[in-house]
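Enquirer: Next comes protein-v9.cif, mmCIF, C-alpha atoms:
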```
data_protein
#
loop_
_atom_site.label_atom_id
_atom_site.label_comp_id
_atom_site.auth_asym_id
_atom_site.auth_seq_id
_atom_site.Cartn_x
_atom_site.Cartn_y
_atom_site.Cartn_z
CA MET C 1 14.53 215.41 67.30
CA THR C 2 17.38 212.87 67.32
CA GLU C 3 20.31 214.01 65.22
CA PRO C 4 21.41 211.82 62.27
CA PRO C 5 24.72 210.00 62.72
CA PRO C 6 27.70 212.36 62.27
CA GLU C 7 29.06 209.91 59.69
CA LEU C 8 26.01 210.61 57.54
CA THR C 9 26.60 214.37 57.86
CA GLU C 10 30.24 213.89 56.86
CA LEU C 11 29.25 211.78 53.87
CA ARG C 12 26.83 214.43 52.68
CA ARG C 13 29.57 217.05 52.97
CA ILE C 14 31.93 215.00 50.80
CA ILE C 15 29.24 214.42 48.17
CA GLU C 16 28.41 218.13 47.99
CA ALA C 17 32.07 219.17 47.83
CA ALA C 18 32.89 216.66 45.09
CA GLY C 19 30.08 217.80 42.82
CA ALA C 20 30.16 216.23 39.36
CA ARG C 21 33.25 214.16 40.16
CA LEU C 22 30.98 211.63 41.89
CA GLN C 23 27.74 209.99 40.80
CA ALA C 24 25.73 209.86 44.03
CA THR C 25 22.24 208.43 44.42
CA VAL C 26 19.95 207.69 47.35
CA VAL C 27 19.03 204.03 46.93
CA CYS C 28 16.52 203.96 49.80
CA GLU C 29 15.44 205.90 52.87
CA VAL C 30 15.06 204.56 56.40
CA ALA C 31 12.54 205.88 58.90
CA HIS C 32 14.04 207.11 62.16
CA GLY C 33 11.46 208.87 64.28
CA SER C 34 10.16 211.76 62.21
CA GLN C 35 13.24 211.68 59.94
CA ARG C 36 14.03 209.81 56.74
CA LEU C 37 17.69 208.80 56.70
CA PRO C 38 19.17 208.21 53.23
CA VAL C 39 21.30 205.26 52.16
CA HIS C 40 23.79 206.62 49.64
CA ALA C 41 25.46 204.79 46.78
CA ILE C 42 28.39 206.62 45.19
CA ALA C 43 30.30 205.74 42.05
CA LEU C 44 33.23 207.14 40.12
CA GLY C 45 35.49 206.02 37.34
CA SER C 46 34.80 204.13 34.15
CA ALA C 47 31.20 203.63 33.06
CA SER C 48 32.14 200.76 30.75
CA PRO C 49 30.56 197.42 31.75
CA SER C 50 33.77 195.71 30.62
CA ALA C 51 35.86 197.56 33.21
CA PRO C 52 36.75 195.82 36.48
CA ALA C 53 35.14 197.25 39.60
CA VAL C 54 35.66 197.46 43.35
CA GLY C 55 32.91 198.18 45.86
CA PHE C 56 33.49 199.45 49.41
CA PHE C 57 30.76 198.94 52.01
CA GLY C 58 30.39 199.87 55.67
CA GLY C 59 27.87 200.36 58.42
CA VAL C 60 25.89 197.17 57.81
CA HIS C 61 25.86 196.87 61.60
CA GLY C 62 24.91 200.11 63.28
CA LEU C 63 27.25 199.65 66.23
CA GLU C 64 30.33 199.25 64.04
CA ARG C 65 30.95 202.91 63.28
CA ILE C 66 34.64 202.40 62.55
CA GLY C 67 33.79 200.46 59.37
CA THR C 68 31.81 203.40 58.01
CA GLN C 69 34.54 205.81 59.10
CA VAL C 70 37.26 203.83 57.29
CA VAL C 71 35.25 203.75 54.04
CA ILE C 72 34.47 207.49 54.29
CA ALA C 73 38.14 208.26 54.96
CA TYR C 74 39.13 206.42 51.78
CA LEU C 75 36.43 208.12 49.73
CA GLU C 76 37.50 211.52 51.03
CA SER C 77 41.12 210.76 50.15
CA LEU C 78 40.17 209.78 46.59
CA VAL C 79 38.08 212.92 46.08
CA ALA C 80 40.98 215.10 47.23
CA ARG C 81 43.47 213.24 45.01
CA LEU C 82 41.27 213.52 41.95
CA GLN C 83 42.20 217.19 41.75
CA TRP C 84 45.92 216.51 41.19
CA ASP C 85 46.76 212.78 41.05
CA VAL C 86 47.34 211.97 37.38
CA VAL C 87 48.00 208.30 38.21
CA LEU C 88 44.60 208.00 39.90
CA GLN C 89 42.89 209.85 37.06
CA THR C 90 44.41 207.42 34.56
CA GLN C 91 43.49 204.41 36.68
CA LEU C 92 39.84 205.48 36.88
CA GLN C 93 39.61 205.57 33.10
CA HIS C 94 39.70 201.77 33.27
CA LEU C 95 38.23 201.02 36.72
CA ARG C 96 34.84 201.52 38.40
CA LEU C 97 34.71 202.32 42.13
CA VAL C 98 31.49 202.06 44.14
CA PHE C 99 30.84 203.12 47.74
CA MET C 100 28.04 202.43 50.23
CA PRO C 101 29.66 203.73 53.41
CA LEU C 102 26.55 203.61 55.63
CA VAL C 103 24.16 200.79 54.78
CA ASN C 104 22.30 200.89 58.10
CA PRO C 105 21.88 204.56 59.11
CA GLY C 106 18.84 203.78 61.29
CA GLY C 107 20.81 201.28 63.35
CA MET C 108 23.70 203.70 63.70
CA ALA C 109 21.37 206.51 64.80
CA ARG C 110 19.82 204.17 67.39
CA GLY C 111 23.14 202.71 68.51
CA THR C 112 22.09 199.16 67.65
CA ARG C 113 23.63 196.39 65.60
CA ALA C 114 20.30 195.70 63.88
CA ASN C 115 18.23 198.05 61.77
CA PRO C 116 15.22 199.89 63.28
CA HIS C 117 13.07 196.77 62.80
CA GLY C 118 15.45 194.71 64.91
CA VAL C 119 16.80 192.72 61.95
CA ASP C 120 20.50 191.92 61.62
CA LEU C 121 21.14 192.77 57.97
CA MET C 122 24.03 190.31 57.74
CA ARG C 123 21.66 187.46 58.65
CA ASN C 124 18.85 188.65 56.37
CA ALA C 125 19.58 186.93 53.05
CA PRO C 126 17.70 183.83 51.84
CA VAL C 127 20.56 181.40 52.45
CA GLU C 128 20.39 178.45 54.86
CA ALA C 129 23.41 176.87 56.53
CA ASP C 130 23.93 173.22 55.67
CA GLU C 131 24.85 172.25 59.25
CA PRO C 132 24.02 173.50 62.76
CA VAL C 133 25.15 177.06 63.51
CA PRO C 134 26.06 178.69 66.85
CA LEU C 135 23.00 179.41 68.98
CA LEU C 136 21.66 182.93 68.24
CA LEU C 137 24.98 184.08 66.72
CA GLY C 138 24.37 182.01 63.61
CA GLY C 139 21.05 183.74 62.94
CA HIS C 140 17.59 182.90 64.31
CA ARG C 141 13.87 183.55 63.82
CA ILE C 142 12.90 183.86 67.50
CA GLY C 143 12.25 187.59 67.50
CA PRO C 144 13.79 191.07 67.19
CA THR C 145 14.38 191.46 70.93
CA LEU C 146 17.37 189.10 70.63
CA PRO C 147 20.53 189.93 68.65
CA TRP C 148 21.25 188.31 65.28
CA TYR C 149 17.54 188.11 64.37
CA ARG C 150 17.08 187.17 60.71
CA GLY C 151 13.52 188.41 60.24
CA ALA C 152 10.32 186.41 59.85
CA PRO C 153 10.58 183.34 57.58
CA HIS C 154 8.48 184.59 54.67
CA ASP C 155 9.22 188.33 54.86
CA ALA C 156 10.97 190.11 52.03
CA MET C 157 14.50 191.27 52.66
CA GLN C 158 14.83 194.51 54.61
CA ILE C 159 15.05 197.61 52.44
CA GLU C 160 18.70 198.19 53.41
CA SER C 161 19.69 194.61 52.53
CA ALA C 162 17.75 194.77 49.28
CA ALA C 163 19.39 198.10 48.38
CA LEU C 164 22.88 196.67 48.94
CA CYS C 165 22.03 193.67 46.77
CA GLU C 166 20.63 195.91 44.05
CA VAL C 167 23.76 198.08 43.98
CA VAL C 168 26.08 195.06 43.89
CA THR C 169 24.05 193.41 41.12
CA ARG C 170 23.95 196.57 39.02
CA GLU C 171 27.48 197.85 39.58
CA LEU C 172 29.65 194.78 40.24
CA LEU C 173 28.22 191.55 38.88
CA GLY C 174 28.85 190.59 35.28
CA ARG C 175 32.18 192.39 34.96
CA PRO C 176 35.38 190.48 34.07
CA LEU C 177 36.47 190.94 37.70
CA SER C 178 34.81 192.66 40.62
CA ILE C 179 35.76 192.77 44.28
CA ALA C 180 33.62 193.84 47.23
CA VAL C 181 35.18 194.99 50.51
CA ASP C 182 32.74 195.08 53.44
CA CYS C 183 34.17 196.67 56.59
CA HIS C 184 33.22 195.30 60.02
CA SER C 185 34.66 195.15 63.53
CA GLY C 186 34.13 193.10 66.65
CA PHE C 187 35.99 189.80 66.30
CA GLY C 188 39.41 188.73 67.56
CA LEU C 189 42.77 190.31 68.18
CA LEU C 190 43.77 190.28 64.50
CA ASP C 191 42.55 192.07 61.40
CA ARG C 192 41.07 189.39 59.19
CA ILE C 193 40.00 189.28 55.56
CA TRP C 194 37.17 186.79 55.21
CA PHE C 195 35.83 185.34 52.00
CA PRO C 196 32.74 183.11 51.50
CA PHE C 197 31.30 180.86 52.50
CA ALA C 198 29.70 181.57 55.87
CA HIS C 199 26.90 179.01 55.51
CA THR C 200 28.99 175.96 54.65
CA ARG C 201 32.50 174.61 55.06
CA ARG C 202 32.69 173.79 51.35
CA PRO C 203 35.07 175.93 49.26
CA ILE C 204 33.74 178.49 46.82
CA GLU C 205 34.03 178.00 43.09
CA HIS C 206 36.59 180.81 42.77
CA LEU C 207 38.90 179.54 45.48
CA ALA C 208 41.81 179.60 43.02
CA GLU C 209 41.24 183.28 42.31
CA VAL C 210 41.09 184.13 46.03
CA HIS C 211 44.36 182.25 46.57
CA ALA C 212 46.05 184.06 43.69
CA PHE C 213 44.85 187.39 45.13
CA THR C 214 46.18 186.44 48.57
CA THR C 215 49.55 185.41 47.14
CA LEU C 216 49.70 188.74 45.36
CA LEU C 217 49.02 190.50 48.68
CA ASP C 218 51.66 188.47 50.50
CA GLN C 219 54.27 189.21 47.85
CA SER C 220 53.42 192.88 47.32
CA CYS C 221 52.86 193.79 50.98
CA PRO C 222 55.10 191.32 52.86
CA HIS C 223 54.56 193.03 56.23
CA HIS C 224 50.77 193.29 56.08
CA ARG C 225 48.77 192.54 59.23
CA TYR C 226 45.87 190.61 57.74
CA ARG C 227 44.88 186.97 58.13
CA VAL C 228 43.04 185.84 55.01
CA GLU C 229 40.67 182.89 55.50
CA PRO C 230 37.17 181.60 54.73
CA GLN C 231 34.65 182.84 57.29
CA SER C 232 33.52 179.25 57.87
CA ARG C 233 36.87 178.63 59.52
CA GLN C 234 35.68 180.70 62.49
CA TYR C 235 31.91 180.12 62.58
CA ARG C 236 28.97 179.54 60.27
CA THR C 237 25.73 181.48 59.89
CA HIS C 238 22.42 181.55 58.11
CA GLY C 239 21.49 184.45 55.86
CA ASP C 240 24.88 185.89 54.94
CA LEU C 241 24.46 188.66 52.36
CA TRP C 242 27.78 187.99 50.65
CA ASP C 243 27.09 184.26 50.33
CA HIS C 244 23.78 185.21 48.71
CA LEU C 245 25.41 187.66 46.31
CA TYR C 246 28.26 185.31 45.47
CA LEU C 247 25.76 182.59 44.55
CA ARG C 248 23.91 185.13 42.43
CA SER C 249 27.17 186.04 40.69
CA LEU C 250 27.55 182.47 39.42
CA GLN C 251 24.72 183.21 36.99
CA HIS C 252 27.13 185.60 35.23
CA ARG C 253 29.69 183.09 33.97
CA PRO C 254 32.58 183.41 33.34
CA PRO C 255 33.15 186.74 35.19
CA VAL C 256 34.67 186.60 38.67
CA PHE C 257 33.16 188.22 41.79
CA LEU C 258 35.23 188.10 45.00
CA PRO C 259 33.38 189.38 48.08
CA LEU C 260 35.78 190.11 50.95
CA THR C 261 35.02 191.16 54.51
CA LEU C 262 37.54 193.24 56.45
CA GLU C 263 36.91 192.17 60.05
CA MET C 264 38.88 194.57 62.23
CA GLY C 265 40.07 192.97 65.44
CA SER C 266 38.35 195.09 68.08
CA TRP C 267 39.45 192.82 70.92
CA LEU C 268 42.91 194.37 70.60
CA TRP C 269 41.46 197.82 71.32
CA ILE C 270 39.72 196.40 74.39
CA LYS C 271 42.90 194.68 75.53
CA LYS C 272 44.75 198.00 75.42
CA ASN C 273 41.87 199.90 77.02
CA PRO C 274 39.64 197.56 79.13
CA ARG C 275 37.35 200.47 80.06
CA GLN C 276 35.84 200.13 76.58
CA LEU C 277 33.97 197.10 77.94
CA LEU C 278 31.73 199.51 79.83
CA SER C 279 29.94 200.63 76.65
CA ARG C 280 28.44 198.84 73.66
CA GLN C 281 30.22 201.26 71.34
CA GLY C 282 33.52 200.38 72.99
CA LEU C 283 33.12 196.71 72.06
CA PHE C 284 33.32 197.54 68.37
CA ASN C 285 35.18 200.84 68.00
CA PRO C 286 38.44 202.38 69.24
CA SER C 287 37.50 205.02 71.78
CA ILE C 288 40.87 206.77 72.13
CA THR C 289 41.51 209.37 69.44
CA HIS C 290 45.02 208.32 68.41
CA ARG C 291 43.94 204.68 68.05
CA ARG C 292 41.00 205.66 65.89
CA GLN C 293 43.30 207.78 63.71
CA ARG C 294 45.72 204.85 63.41
CA VAL C 295 42.92 202.56 62.25
CA LEU C 296 41.75 205.13 59.69
CA ARG C 297 45.29 205.29 58.28
CA ARG C 298 46.12 201.61 58.45
CA HIS C 299 43.62 200.20 56.00
CA LEU C 300 43.91 202.83 53.25
CA ALA C 301 47.04 201.13 51.87
CA TRP C 302 45.16 197.85 51.60
CA PHE C 303 42.24 199.57 49.88
CA ASP C 304 44.69 200.99 47.34
CA PHE C 305 46.18 197.52 46.86
CA VAL C 306 42.72 196.11 46.11
CA THR C 307 42.03 198.77 43.48
CA ARG C 308 45.42 198.21 41.84
CA ALA C 309 44.92 194.45 41.82
CA ALA C 310 41.51 194.88 40.21
CA SER C 311 42.92 197.27 37.59
CA SER C 312 45.66 194.76 36.71
CA PHE C 313 43.66 191.54 37.00
CA GLY C 314 44.86 190.26 33.62
CA ALA C 315 48.39 189.96 35.01
CA TRP C 316 47.54 187.67 37.95
CA LEU C 317 44.12 186.05 37.49
CA PRO C 318 44.92 182.34 36.94
CA SER C 319 43.63 180.15 34.14
CA GLY C 320 44.13 176.62 32.87
CA ALA C 321 46.76 174.56 34.66
CA ALA C 322 47.78 177.55 36.79
CA ARG C 323 44.23 177.81 38.12
CA GLU C 324 44.18 174.12 39.01
CA ALA C 325 47.47 174.54 40.87
CA GLU C 326 46.16 177.58 42.77
CA HIS C 327 43.05 175.61 43.72
CA ARG C 328 45.09 172.71 45.14
CA GLN C 329 47.33 175.09 47.10
CA ALA C 330 44.28 176.88 48.50
CA LEU C 331 42.73 173.62 49.69
CA VAL C 332 45.89 172.83 51.62
CA ARG C 333 46.24 176.36 52.99
CA TRP C 334 42.66 176.89 54.18
CA TYR C 335 41.03 173.48 54.41
CA GLY C 336 43.88 171.37 55.76
CA ALA C 337 43.74 168.73 53.06
CA GLU C 338 42.35 168.23 49.59
CA PRO C 339 38.82 166.83 50.03
CA ALA C 340 37.85 164.03 47.67
CA SER C 341 34.82 166.02 46.51
CA ALA C 342 36.94 169.01 45.51
CA SER C 343 39.96 167.61 43.69
CA GLY C 344 39.78 170.40 41.12
CA PRO C 345 38.02 173.73 40.63
CA PRO C 346 34.29 173.06 40.94
CA THR C 347 32.14 173.79 37.94
CA ALA C 348 28.76 174.45 39.57
CA PRO C 349 27.49 176.09 42.77
CA THR C 350 27.26 173.62 45.62
CA ALA C 351 25.62 175.71 48.33
CA ARG C 352 22.07 175.28 49.50
CA GLY C 353 20.27 178.57 49.31
CA ARG C 354 16.90 180.00 48.41
CA GLY C 355 18.33 182.75 46.22
#
```
Before anything else, please render the file you have as structure tokens.

Expert:
Amino acid sequence: MTEPPPELTELRRIIEAAGARLQATVVCEVAHGSQRLPVHAIALGSASPSAPAVGFFGGVHGLERIGTQVVIAYLESLVARLQWDVVLQTQLQHLRLVFMPLVNPGGMARGTRANPHGVDLMRNAPVEADEPVPLLLGGHRIGPTLPWYRGAPHDAMQIESAALCEVVTRELLGRPLSIAVDCHSGFGLLDRIWFPFAHTRRPIEHLAEVHAFTTLLDQSCPHHRYRVEPQSRQYRTHGDLWDHLYLRSLQHRPPVFLPLTLEMGSWLWIKKNPRQLLSRQGLFNPSITHRRQRVLRRHLAWFDFVTRAASSFGAWLPSGAAREAEHRQALVRWYGAEPASASGPPTAPTARGRG
């Protein structure tokens, strides 16, 4: 029998050790040989629907183990601090935290990017790009033998994708502010923070809020290593889950939902250790122990920043004339110029999607 991923074993250990301090549920199970691998959703903090919330997600792609490991490391740190950290205990009275550290356990057990059905979960949502996308990389319907397969045209979403969407809808959407952090690896020499859209070059409705958040990061952490940008600046895709969920969030006006993707720059690990090119795992994960430990440490400070920003959203979330100014600055920063069709904050979703 094939063993489950060690990350899943570690997650179970944390859940058992934390006991009643966490609310843990199995949102679906994935077949892997004769086993059923659980997809866990974990929550802690305020149960009030008026509290802001932050969700941390990892393992959407089975090859990108480091994303799951970073989310688990942060969860483990929080559980340990809950025993003594009065500041954290006070913060969680007014903040909801949600974790799905391993969305695709079947893919991780198999050592594949896709789930056991060959579907790339990050191309699986019912959203269509409004212009041509990169061949294969942008998502396709050819078949599961090729990477970045979206699934058949009229199939329902995969159970893992549907479970993620259900957790986000239940736990994050409709709150005065919610932020999702989805951890990936495999692109570039820099650590990037991407925000929607992936299916269009057009700016999102809450561009002003993303810009205010980024300014807060720049001012509060002046030596941070992240490049914040819309994903469309690098490439566009069909079927992006976070585009789909962001569009869904617009039904919950006026609350704000900001989905962010931490894209860890794995090319830097390869540059320092070219032998990683010899394995698929090496393309997406640091293989040397001290580098892996450095990555696990590096992003915890940013995770803490995100939770603090969410807790204090009333002090920085723009409104009125300040929001209009943030929107104009964001257009210049990320889109090069102020497009005629977006001279102010848009008031309705502009993306073409089926959901």

Enquirer: Counting only C-alpha atoms, which residues of stretch 131-192 of chain C fall within 7 Å of stretch 62-81 of chain C, and what is the closest atom pair for each with its distance in Å at one decimal, ordered by chain and rising number, as a tab-separated table?

Expert:
```
residue	atom	partner	partner_atom	distance
C:Cys183	CA	C:Gly67	CA	4.7
C:His184	CA	C:Gly67	CA	5.2
C:Ser185	CA	C:Glu64	CA	6.0
```

Enquirer: I'd like the neighbourhood of stretch 8-22 of chain C as a list in words, where a residue qualifies if any of its atoms comes within 10 Å (using all atoms listed in the file), though same-chain residues fewer than 3 positions away should be ignored.

Expert: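 Once the adjacent positions are removed, what remains is Glu3, Pro4, Pro5, Thr25, Leu37, Pro38, Val39, His40, Ile42, Ala43, Leu44, Gly45, Thr68, Gln69, Ile72, Ala73, Leu75, Glu76, Val79, Ala80, Leu82, Gln83, Val98, Pro101, Leu102, Pro105, Met108 and Ala109 of chain C.
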
Enquirer: Please determine an axis-aligned box that encloses all atoms of stretch 243-254 of chain C listed in the file, with 6 Å added on each side, and express its centre and edge lengths in Å to one decimal as lines of an AutoDock Vina configuration file.

Expert:
```
center_x = 28.2
center_y = 185.1
center_z = 41.8
size_x = 20.8
size_y = 17.2
size_z = 29.0
```

Enquirer: Per residue of stretch 24-142 of chain C within 10 Å of stretch 201-219 of chain C, record the nearest atom pair and its distance in Å to one decimal, counting all atoms listed in the file, with rows in chain order and ascending residue number, as JSON lines.

Expert:
```
{"residue": "C:Ala129", "atom": "CA", "partner": "C:Arg201", "partner_atom": "CA", "distance": 9.5}
{"residue": "C:Asp130", "atom": "CA", "partner": "C:Arg201", "partner_atom": "CA", "distance": 8.7}
{"residue": "C:Glu131", "atom": "CA", "partner": "C:Arg201", "partner_atom": "CA", "distance": 9.0}
```

Enquirer: Got a sec: who's within 10 Å of C:Ser232, counting all atoms listed in the file, leaving out chain neighbours fewer than 2 positions off, as a PyMOL selection string?

Expert: chain C and resi 194-203+229-230+234-237

Enquirer: For stretch 41-68 of chain C against stretch 160-182 of chain C, with a cut-off of 6 Å and counting only C-alpha atoms, what is the closest atom pair and its distance in Å to one decimal for every residue that makes the cut, ordered by chain and number, as a tab-separated table?

Expert:
```
residue	atom	partner	partner_atom	distance
C:Ser50	CA	C:Arg175	CA	5.7
C:Pro52	CA	C:Leu177	CA	5.0
C:Ala53	CA	C:Ser178	CA	4.7
C:Val54	CA	C:Ile179	CA	4.8
C:Gly55	CA	C:Ala180	CA	4.6
C:Phe56	CA	C:Val181	CA	4.9
C:Phe57	CA	C:Asp182	CA	4.6
C:Gly58	CA	C:Asp182	CA	5.8
```

Enquirer: For the structure provided, state which residues fall under the PyMOL selection byres ((chain C and resi 190) around 10), and present them as a count of residues only.

Expert: 15

Enquirer: Can you tell me, as a PyMOL selection string, what residues are no more than 12 Å from stretch 145-159 of chain C when counting all atoms listed in the file, ignoring any on the same chain fewer than 4 positions away?

Expert: chain C and resi 27-31+38-39+60-61+103-106+112-128+134-141+163-166+237-241+244+354-355

Enquirer: May I ask for the distance between atom CA of C:Leu88 and atom CA of C:Phe305, given in Å to one decimal place?

Expert: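 Those two atoms sit 12.7 Å apart.
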
Enquirer: What separation in Å, quoted to one decimal, exists between atom CA of C:Pro286 and atom CA of C:Ile270?

Expert: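 Calculated distance between atom CA of C:Pro286 and atom CA of C:Ile270 is 8.0 Å.
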
Enquirer: Running the PyMOL selection byres ((chain C and resi 313-325) around 7) on this model by hand, what would come out? Give it as number ranges by chain.

Expert: C: 208-209, 212, 309-312, 326-329, 344-345

Enquirer: Record the distance separating atom CA of C:His290 and atom CA of C:Gln276, expressed in Å with one decimal.

Expert: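 Going from atom CA of C:His290 over to atom CA of C:Gln276 covers 14.8 Å.
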
Enquirer: Under the rule that only C-alpha atoms are counted, which of C:Val86, C:Ser46, C:Val228, C:Phe303 is the nearest residue to C:Ala330?

Expert: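 Result for the nearest residue to C:Ala330: C:Val228.
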
Enquirer: Which residue gives the smallest distance to C:Gly282 among C:Leu296, C:Gly59, C:Gly186, C:Pro144, with all atoms listed in the file counted?

Expert: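 Ranked by minimum distance to C:Gly282, first place goes to C:Gly186.
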
Enquirer: Nearest to C:Lys272: which of C:Ile288, C:Pro259, C:His32, C:Met100 is it, counting only C-alpha atoms?

Expert: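 Under the stated criterion, the closest residue is C:Ile288.
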
Enquirer: Starting from the incomplete input, reconstruct N, CA, C and O atoms of stretch 148-159 of chain C and report them as a PDB file, in the frame of the given file.

Expert:
```pdb
ATOM      1  N   TRP C 148      21.052 189.218  66.420  1.00  0.00           N
ATOM      2  CA  TRP C 148      21.250 188.310  65.280  1.00  0.00           C
ATOM      3  C   TRP C 148      19.935 187.768  64.722  1.00  0.00           C
ATOM      4  O   TRP C 148      19.896 186.708  64.103  1.00  0.00           O
ATOM      5  N   TYR C 149      18.844 188.517  64.902  1.00  0.00           N
ATOM      6  CA  TYR C 149      17.540 188.110  64.370  1.00  0.00           C
ATOM      7  C   TYR C 149      17.539 188.245  62.861  1.00  0.00           C
ATOM      8  O   TYR C 149      17.933 189.277  62.307  1.00  0.00           O
ATOM      9  N   ARG C 150      17.052 187.215  62.160  1.00  0.00           N
ATOM     10  CA  ARG C 150      17.080 187.170  60.710  1.00  0.00           C
ATOM     11  C   ARG C 150      15.869 187.829  60.061  1.00  0.00           C
ATOM     12  O   ARG C 150      15.893 188.130  58.863  1.00  0.00           O
ATOM     13  N   GLY C 151      14.794 187.998  60.814  1.00  0.00           N
ATOM     14  CA  GLY C 151      13.520 188.410  60.240  1.00  0.00           C
ATOM     15  C   GLY C 151      12.582 187.216  60.174  1.00  0.00           C
ATOM     16  O   GLY C 151      12.990 186.058  60.338  1.00  0.00           O
ATOM     17  N   ALA C 152      11.307 187.480  59.932  1.00  0.00           N
ATOM     18  CA  ALA C 152      10.320 186.410  59.850  1.00  0.00           C
ATOM     19  C   ALA C 152      10.560 185.565  58.604  1.00  0.00           C
ATOM     20  O   ALA C 152      11.064 186.067  57.590  1.00  0.00           O
ATOM     21  N   PRO C 153      10.202 184.275  58.654  1.00  0.00           N
ATOM     22  CA  PRO C 153      10.580 183.340  57.580  1.00  0.00           C
ATOM     23  C   PRO C 153      10.166 183.758  56.182  1.00  0.00           C
ATOM     24  O   PRO C 153      10.912 183.556  55.223  1.00  0.00           O
ATOM     25  N   HIS C 154       8.976 184.323  56.013  1.00  0.00           N
ATOM     26  CA  HIS C 154       8.480 184.590  54.670  1.00  0.00           C
ATOM     27  C   HIS C 154       8.488 186.085  54.313  1.00  0.00           C
ATOM     28  O   HIS C 154       7.941 186.488  53.286  1.00  0.00           O
ATOM     29  N   ASP C 155       9.121 186.903  55.157  1.00  0.00           N
ATOM     30  CA  ASP C 155       9.220 188.330  54.860  1.00  0.00           C
ATOM     31  C   ASP C 155      10.211 188.592  53.727  1.00  0.00           C
ATOM     32  O   ASP C 155      11.191 187.853  53.545  1.00  0.00           O
ATOM     33  N   ALA C 156       9.971 189.649  53.002  1.00  0.00           N
ATOM     34  CA  ALA C 156      10.970 190.110  52.030  1.00  0.00           C
ATOM     35  C   ALA C 156      12.198 190.615  52.773  1.00  0.00           C
ATOM     36  O   ALA C 156      12.153 190.915  53.974  1.00  0.00           O
ATOM     37  N   MET C 157      13.301 190.717  52.056  1.00  0.00           N
ATOM     38  CA  MET C 157      14.500 191.270  52.660  1.00  0.00           C
ATOM     39  C   MET C 157      14.238 192.708  53.100  1.00  0.00           C
ATOM     40  O   MET C 157      13.424 193.421  52.508  1.00  0.00           O
ATOM     41  N   GLN C 158      14.928 193.129  54.142  1.00  0.00           N
ATOM     42  CA  GLN C 158      14.830 194.510  54.610  1.00  0.00           C
ATOM     43  C   GLN C 158      15.274 195.464  53.504  1.00  0.00           C
ATOM     44  O   GLN C 158      16.085 195.115  52.632  1.00  0.00           O
ATOM     45  N   ILE C 159      14.759 196.696  53.534  1.00  0.00           N
ATOM     46  CA  ILE C 159      15.050 197.610  52.440  1.00  0.00           C
ATOM     47  C   ILE C 159      16.544 197.909  52.319  1.00  0.00           C
ATOM     48  O   ILE C 159      17.064 198.099  51.214  1.00  0.00           O
TER      49      ILE C 159
END
```
